[in-house]
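Q: Got a structure for you, start_11.cif, holding mmCIF, C-alpha atoms.
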```
data_start
loop_
_atom_site.group_PDB
_atom_site.id
_atom_site.type_symbol
_atom_site.label_atom_id
_atom_site.label_comp_id
_atom_site.auth_asym_id
_atom_site.auth_seq_id
_atom_site.Cartn_x
_atom_site.Cartn_y
_atom_site.Cartn_z
ATOM 1 C CA MET A 184 -90.187 -31.551 44.549
ATOM 2 C CA LEU A 185 -90.213 -28.138 46.239
ATOM 3 C CA LEU A 186 -89.799 -26.457 42.846
ATOM 4 C CA GLU A 187 -92.862 -28.305 41.509
ATOM 5 C CA VAL A 188 -94.981 -27.197 44.474
ATOM 6 C CA VAL A 189 -93.875 -23.560 44.120
ATOM 7 C CA LEU A 190 -94.518 -23.676 40.365
ATOM 8 C CA ALA A 191 -98.000 -25.211 40.858
ATOM 9 C CA LEU A 192 -98.821 -22.645 43.542
ATOM 10 C CA SER A 193 -97.737 -19.758 41.310
ATOM 11 C CA PHE A 194 -99.904 -21.112 38.459
ATOM 12 C CA PHE A 195 -102.840 -21.363 40.868
ATOM 13 C CA VAL A 196 -102.358 -17.768 42.069
ATOM 14 C CA LEU A 197 -102.067 -16.555 38.468
ATOM 15 C CA ALA A 198 -105.236 -18.417 37.440
ATOM 16 C CA ALA A 199 -107.127 -17.133 40.500
ATOM 17 C CA THR A 200 -106.052 -13.561 39.687
ATOM 18 C CA VAL A 201 -107.239 -13.849 36.083
ATOM 19 C CA ILE A 202 -110.570 -15.395 37.100
ATOM 20 C CA THR A 203 -111.153 -12.779 39.814
ATOM 21 C CA GLY A 204 -110.393 -9.969 37.359
ATOM 22 C CA GLY A 205 -112.828 -11.444 34.843
ATOM 23 C CA LEU A 206 -115.567 -11.780 37.448
ATOM 24 C CA ASN A 207 -115.001 -8.207 38.632
ATOM 25 C CA ALA A 208 -115.247 -6.870 35.066
ATOM 26 C CA SER A 209 -118.418 -8.910 34.537
ATOM 27 C CA VAL A 210 -120.061 -7.518 37.682
ATOM 28 C CA GLN A 211 -119.163 -3.934 36.718
ATOM 29 C CA GLU A 212 -120.530 -4.396 33.192
ATOM 30 C CA THR A 213 -123.744 -5.896 34.552
ATOM 31 C CA GLU A 214 -124.223 -2.883 36.834
ATOM 32 C CA ARG A 215 -123.578 -0.499 33.927
ATOM 33 C CA LEU A 216 -126.137 -2.325 31.774
ATOM 34 C CA ARG A 217 -128.678 -2.304 34.620
ATOM 35 C CA LEU A 218 -128.284 1.464 35.013
ATOM 36 C CA ASN A 219 -128.616 1.995 31.245
ATOM 37 C CA VAL A 220 -131.855 -0.004 31.160
ATOM 38 C CA HIS A 221 -133.145 1.922 34.178
ATOM 39 C CA ALA A 222 -132.315 5.221 32.447
ATOM 40 C CA SER A 223 -134.150 4.040 29.322
ATOM 41 C CA ASN A 224 -137.216 3.097 31.370
ATOM 42 C CA LEU A 225 -137.261 6.492 33.093
ATOM 43 C CA ALA A 226 -136.892 8.318 29.764
ATOM 44 C CA ILE A 227 -139.683 6.268 28.154
ATOM 45 C CA SER A 228 -141.965 6.960 31.124
ATOM 46 C CA LEU A 229 -141.305 10.686 30.897
ATOM 47 C CA LEU A 230 -141.863 10.707 27.127
ATOM 48 C CA SER A 231 -145.122 8.783 27.626
ATOM 49 C CA GLU A 232 -146.324 11.403 30.112
ATOM 50 C CA LEU A 233 -145.667 14.056 27.456
ATOM 51 C CA GLN A 234 -147.525 12.058 24.795
ATOM 52 C CA MET A 235 -150.562 11.553 27.049
ATOM 53 C CA GLY A 236 -150.660 15.222 28.010
ATOM 54 C CA ILE A 237 -149.922 14.632 31.695
ATOM 55 C CA LYS A 238 -146.869 16.879 31.461
ATOM 56 C CA PRO A 239 -146.874 19.977 29.245
ATOM 57 C CA VAL A 240 -144.831 19.780 26.045
ATOM 58 C CA GLU A 241 -142.360 22.517 26.948
ATOM 59 C CA SER A 242 -138.685 22.730 27.832
ATOM 60 C CA ALA A 243 -137.936 22.027 31.480
ATOM 61 C CA GLY A 244 -135.188 20.888 33.809
ATOM 62 C CA PRO A 245 -132.816 19.565 34.714
ATOM 63 C CA GLU A 246 -134.903 18.446 37.669
ATOM 64 C CA PRO A 247 -134.610 15.458 40.005
ATOM 65 C CA PHE A 248 -137.049 12.557 39.825
ATOM 66 C CA GLU A 249 -139.232 11.564 42.785
ATOM 67 C CA ALA A 250 -137.745 10.272 46.043
ATOM 68 C CA SER A 251 -137.422 6.666 44.904
ATOM 69 C CA PHE A 252 -135.265 7.755 41.938
ATOM 70 C CA GLN A 253 -133.266 10.462 43.703
ATOM 71 C CA MET A 254 -129.980 9.628 41.928
ATOM 72 C CA TRP A 255 -131.510 10.554 38.549
ATOM 73 C CA THR A 256 -132.342 13.888 36.903
ATOM 74 C CA TRP A 257 -134.463 14.626 33.851
ATOM 75 C CA GLN A 258 -134.517 17.393 31.296
ATOM 76 C CA ILE A 259 -136.872 18.147 28.413
ATOM 77 C CA GLN A 260 -135.793 20.138 25.371
ATOM 78 C CA VAL A 261 -138.545 21.167 22.963
ATOM 79 C CA SER A 262 -138.045 22.810 19.600
ATOM 80 C CA PRO A 263 -140.741 23.593 17.016
ATOM 81 C CA ILE A 264 -140.524 22.079 13.554
ATOM 82 C CA ASP A 265 -140.262 24.699 10.804
ATOM 83 C CA ASP A 266 -142.000 22.525 8.229
ATOM 84 C CA ALA A 267 -145.592 21.892 9.349
ATOM 85 C CA SER A 268 -146.970 18.445 8.772
ATOM 86 C CA GLU A 269 -149.464 17.815 5.976
ATOM 87 C CA SER A 270 -152.304 17.821 8.483
ATOM 88 C CA GLY A 271 -151.341 21.298 9.684
ATOM 89 C CA LEU A 272 -150.689 20.137 13.246
ATOM 90 C CA PRO A 273 -147.919 21.948 15.143
ATOM 91 C CA LEU A 274 -145.284 19.252 15.546
ATOM 92 C CA ARG A 275 -142.628 19.643 18.219
ATOM 93 C CA ASN A 276 -139.264 17.914 18.345
ATOM 94 C CA VAL A 277 -139.068 16.706 21.951
ATOM 95 C CA GLU A 278 -135.844 15.377 23.449
ATOM 96 C CA VAL A 279 -135.957 13.740 26.873
ATOM 97 C CA ILE A 280 -132.597 13.523 28.670
ATOM 98 C CA VAL A 281 -132.123 11.359 31.758
ATOM 99 C CA ARG A 282 -128.837 11.514 33.688
ATOM 100 C CA HIS A 283 -127.410 9.630 36.648
ATOM 101 C CA ASP A 284 -125.892 11.917 39.282
ATOM 102 C CA THR A 285 -122.772 9.916 40.133
ATOM 103 C CA ARG A 286 -122.185 7.634 37.140
ATOM 104 C CA PRO A 287 -121.531 8.723 33.547
ATOM 105 C CA ILE A 288 -124.907 7.411 32.347
ATOM 106 C CA VAL A 289 -127.004 9.577 30.012
ATOM 107 C CA ARG A 290 -130.021 8.424 28.004
ATOM 108 C CA ARG A 291 -131.560 10.625 25.301
ATOM 109 C CA LEU A 292 -134.837 9.908 23.531
ATOM 110 C CA THR A 293 -136.181 12.105 20.753
ATOM 111 C CA GLN A 294 -139.650 12.038 19.251
ATOM 112 C CA PHE A 295 -141.991 14.292 17.293
ATOM 113 C CA ILE A 296 -145.069 15.139 19.361
ATOM 114 C CA VAL A 297 -148.236 17.103 18.641
ATOM 115 C CA PRO A 298 -148.922 19.042 21.853
ATOM 116 C CA HIS A 299 -152.289 18.525 23.555
ATOM 117 C CA PRO A 300 -154.503 21.574 24.000
ATOM 118 C CA ALA A 301 -154.066 23.294 27.350
ATOM 119 C CA GLY A 302 -155.842 21.366 30.078
ATOM 120 C CA ALA A 303 -156.763 18.470 27.792
ATOM 121 C CA LEU A 304 -155.617 15.883 30.286
ATOM 122 C CA THR A 305 -154.374 16.409 33.789
ATOM 123 C CA PRO A 306 -153.479 13.879 36.482
ATOM 124 C CA SER A 307 -156.318 15.231 38.639
ATOM 125 C CA THR A 308 -158.965 14.353 36.048
ATOM 126 C CA ASN A 309 -161.140 11.667 37.587
ATOM 127 C CA SER A 310 -163.067 10.614 34.527
ATOM 128 C CA PRO A 311 -163.897 6.918 34.253
ATOM 129 C CA PRO A 312 -162.034 4.936 31.621
ATOM 130 C CA ALA A 313 -163.714 4.584 28.274
ATOM 131 C CA THR A 314 -165.499 1.281 27.777
ATOM 132 C CA LEU A 315 -166.482 -0.528 24.632
ATOM 133 C CA ASP A 316 -169.857 -2.084 24.152
ATOM 134 C CA ASP A 317 -170.637 -4.756 21.584
ATOM 135 C CA ARG A 318 -172.096 -2.226 19.122
ATOM 136 C CA SER A 319 -168.852 -0.232 18.880
ATOM 137 C CA ILE A 320 -166.757 -3.214 17.812
ATOM 138 C CA PRO A 321 -166.991 -3.766 14.057
ATOM 139 C CA ALA A 322 -167.840 -7.259 12.883
ATOM 140 C CA LEU A 323 -165.010 -9.053 11.138
ATOM 141 C CA PRO A 324 -165.861 -10.852 7.889
ATOM 142 C CA PHE A 325 -164.905 -14.526 7.996
#
```
Could you rewrite the structure in this file as structure tokens?
A:
Amino acid sequence: MLLEVVLALSFFVLAATVITGGLNASVQETERLRLNVHASNLAISLLSELQMGIKPVESAGPEPFEASFQMWTWQIQVSPIDDASESGLPLRNVEVIVRHDTRPIVRRLTQFIVPHPAGALTPSTNSPPATLDDRSIPALPF
């Protein structure tokens, strides 16, 4: 009877160890995925600022993000395209790199961007948003 109890207890300890290890791996993977998604969101936001002309389309960084994202740094690498587009616009190959300071998380996004003219749009511009009136919306044939 004592042998059965010891055997059952050892099976219980073994099962608890396996389950705890699985849960620990799951929690670590979830944290890694959360950080990867956060890095993607930061990179997309930075690339959007470049597309809208809020930030200049030029190489910069690595620089830290604002205070709420202090564990992250960003870098922008810009290179001109040798072959001009058919429209004659000066395309730039823009790569946005977002890194976590303590974890091995790096997110890179690359896109072709036509730079805005200097001063085309700045965050301090207080122009009202464009509105549509009924005359500017084309009628759809039904």
Q: Of the candidates A:Leu185, A:Leu218, A:Leu272, A:Leu292, which one gets nearest to A:Phe252 if we count all atoms listed in the file?
A: A:Leu218
Q: What is the atom CA of A:Leu190-atom CA of A:Leu206 distance in Å, reported with one decimal?
A: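 Result for atom CA of A:Leu190 versus atom CA of A:Leu206: 24.4 Å, one decimal.
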Q: Between A:Ser242, A:Leu197, A:Gln253, A:Met235, which one has atoms that come closest to A:Val277, using only C-alpha atoms?
A: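 Once distances to A:Val277 are computed over only C-alpha atoms, the minimum belongs to A:Ser242.
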Q: How many Å lie between atom CA of A:Gln258 and atom CA of A:Asn276, rounded to one decimal?
A: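 The value is 13.8 Å.
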Q: Restricting the calculation to all atoms listed in the file, which member of A:Val261, A:Arg215, A:Glu278, A:Ile296 is positioned closest to A:Gly236?
A: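 The closest residue to A:Gly236 is A:Ile296.
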Q: On this structure, the PyMOL selection byres ((chain A and resi 240) around 10) would catch which residues? List them as an MDAnalysis selection string, sorted by chain and number.
A: chainID A and resid 230 232:234 236:239 241:243 259:262 275:277 296:299 301
Q: Mind writing the picked residues with C-alpha atoms as a PDB file, in the coordinates of the input?
A:
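Final output, saved to selection-v5.pdb:
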```pdb
ATOM      1  CA  LEU A 230    -141.863  10.707  27.127  1.00  0.00           C
ATOM      2  CA  GLU A 232    -146.324  11.403  30.112  1.00  0.00           C
ATOM      3  CA  LEU A 233    -145.667  14.056  27.456  1.00  0.00           C
ATOM      4  CA  GLN A 234    -147.525  12.058  24.795  1.00  0.00           C
ATOM      5  CA  GLY A 236    -150.660  15.222  28.010  1.00  0.00           C
ATOM      6  CA  ILE A 237    -149.922  14.632  31.695  1.00  0.00           C
ATOM      7  CA  LYS A 238    -146.869  16.879  31.461  1.00  0.00           C
ATOM      8  CA  PRO A 239    -146.874  19.977  29.245  1.00  0.00           C
ATOM      9  CA  GLU A 241    -142.360  22.517  26.948  1.00  0.00           C
ATOM     10  CA  SER A 242    -138.685  22.730  27.832  1.00  0.00           C
ATOM     11  CA  ALA A 243    -137.936  22.027  31.480  1.00  0.00           C
ATOM     12  CA  ILE A 259    -136.872  18.147  28.413  1.00  0.00           C
ATOM     13  CA  GLN A 260    -135.793  20.138  25.371  1.00  0.00           C
ATOM     14  CA  VAL A 261    -138.545  21.167  22.963  1.00  0.00           C
ATOM     15  CA  SER A 262    -138.045  22.810  19.600  1.00  0.00           C
ATOM     16  CA  ARG A 275    -142.628  19.643  18.219  1.00  0.00           C
ATOM     17  CA  ASN A 276    -139.264  17.914  18.345  1.00  0.00           C
ATOM     18  CA  VAL A 277    -139.068  16.706  21.951  1.00  0.00           C
ATOM     19  CA  ILE A 296    -145.069  15.139  19.361  1.00  0.00           C
ATOM     20  CA  VAL A 297    -148.236  17.103  18.641  1.00  0.00           C
ATOM     21  CA  PRO A 298    -148.922  19.042  21.853  1.00  0.00           C
ATOM     22  CA  HIS A 299    -152.289  18.525  23.555  1.00  0.00           C
ATOM     23  CA  ALA A 301    -154.066  23.294  27.350  1.00  0.00           C
TER      24      ALA A 301
END
```
Q: Point out the residue among A:Pro247, A:Asn207, A:Val279, A:Arg286 with the least atom-to-atom distance to A:Ile227, counting only C-alpha atoms.
A: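 Answer, going by the shortest atom-to-atom distance: A:Val279.
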Q: How far is it from atom CA of A:His221 to atom CA of A:Ala250, in Å with one decimal?
A: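 Computing it gives 15.2 Å between the two atoms.
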Q: Please return as a ChimeraX atom specification every residue within 8 Å of (-133.6, 12.2, 35.7), taking into account all atoms listed in the file and the file's own coordinates.
A: /A:222,225-226,245-248,252,254-258,280-283
Q: Selection from above, C-alpha atoms, as a JSON list (two decimals), in the coordinates of the input, can you write it?
A:
```json
[["chain", "number", "residue", "atom", "x", "y", "z"],
["A", 222, "ALA", "CA", -132.32, 5.22, 32.45],
["A", 225, "LEU", "CA", -137.26, 6.49, 33.09],
["A", 226, "ALA", "CA", -136.89, 8.32, 29.76],
["A", 245, "PRO", "CA", -132.82, 19.57, 34.71],
["A", 246, "GLU", "CA", -134.90, 18.45, 37.67],
["A", 247, "PRO", "CA", -134.61, 15.46, 40.01],
["A", 248, "PHE", "CA", -137.05, 12.56, 39.83],
["A", 252, "PHE", "CA", -135.26, 7.76, 41.94],
["A", 254, "MET", "CA", -129.98, 9.63, 41.93],
["A", 255, "TRP", "CA", -131.51, 10.55, 38.55],
["A", 256, "THR", "CA", -132.34, 13.89, 36.90],
["A", 257, "TRP", "CA", -134.46, 14.63, 33.85],
["A", 258, "GLN", "CA", -134.52, 17.39, 31.30],
["A", 280, "ILE", "CA", -132.60, 13.52, 28.67],
["A", 281, "VAL", "CA", -132.12, 11.36, 31.76],
["A", 282, "ARG", "CA", -128.84, 11.51, 33.69],
["A", 283, "HIS", "CA", -127.41, 9.63, 36.65]]
```
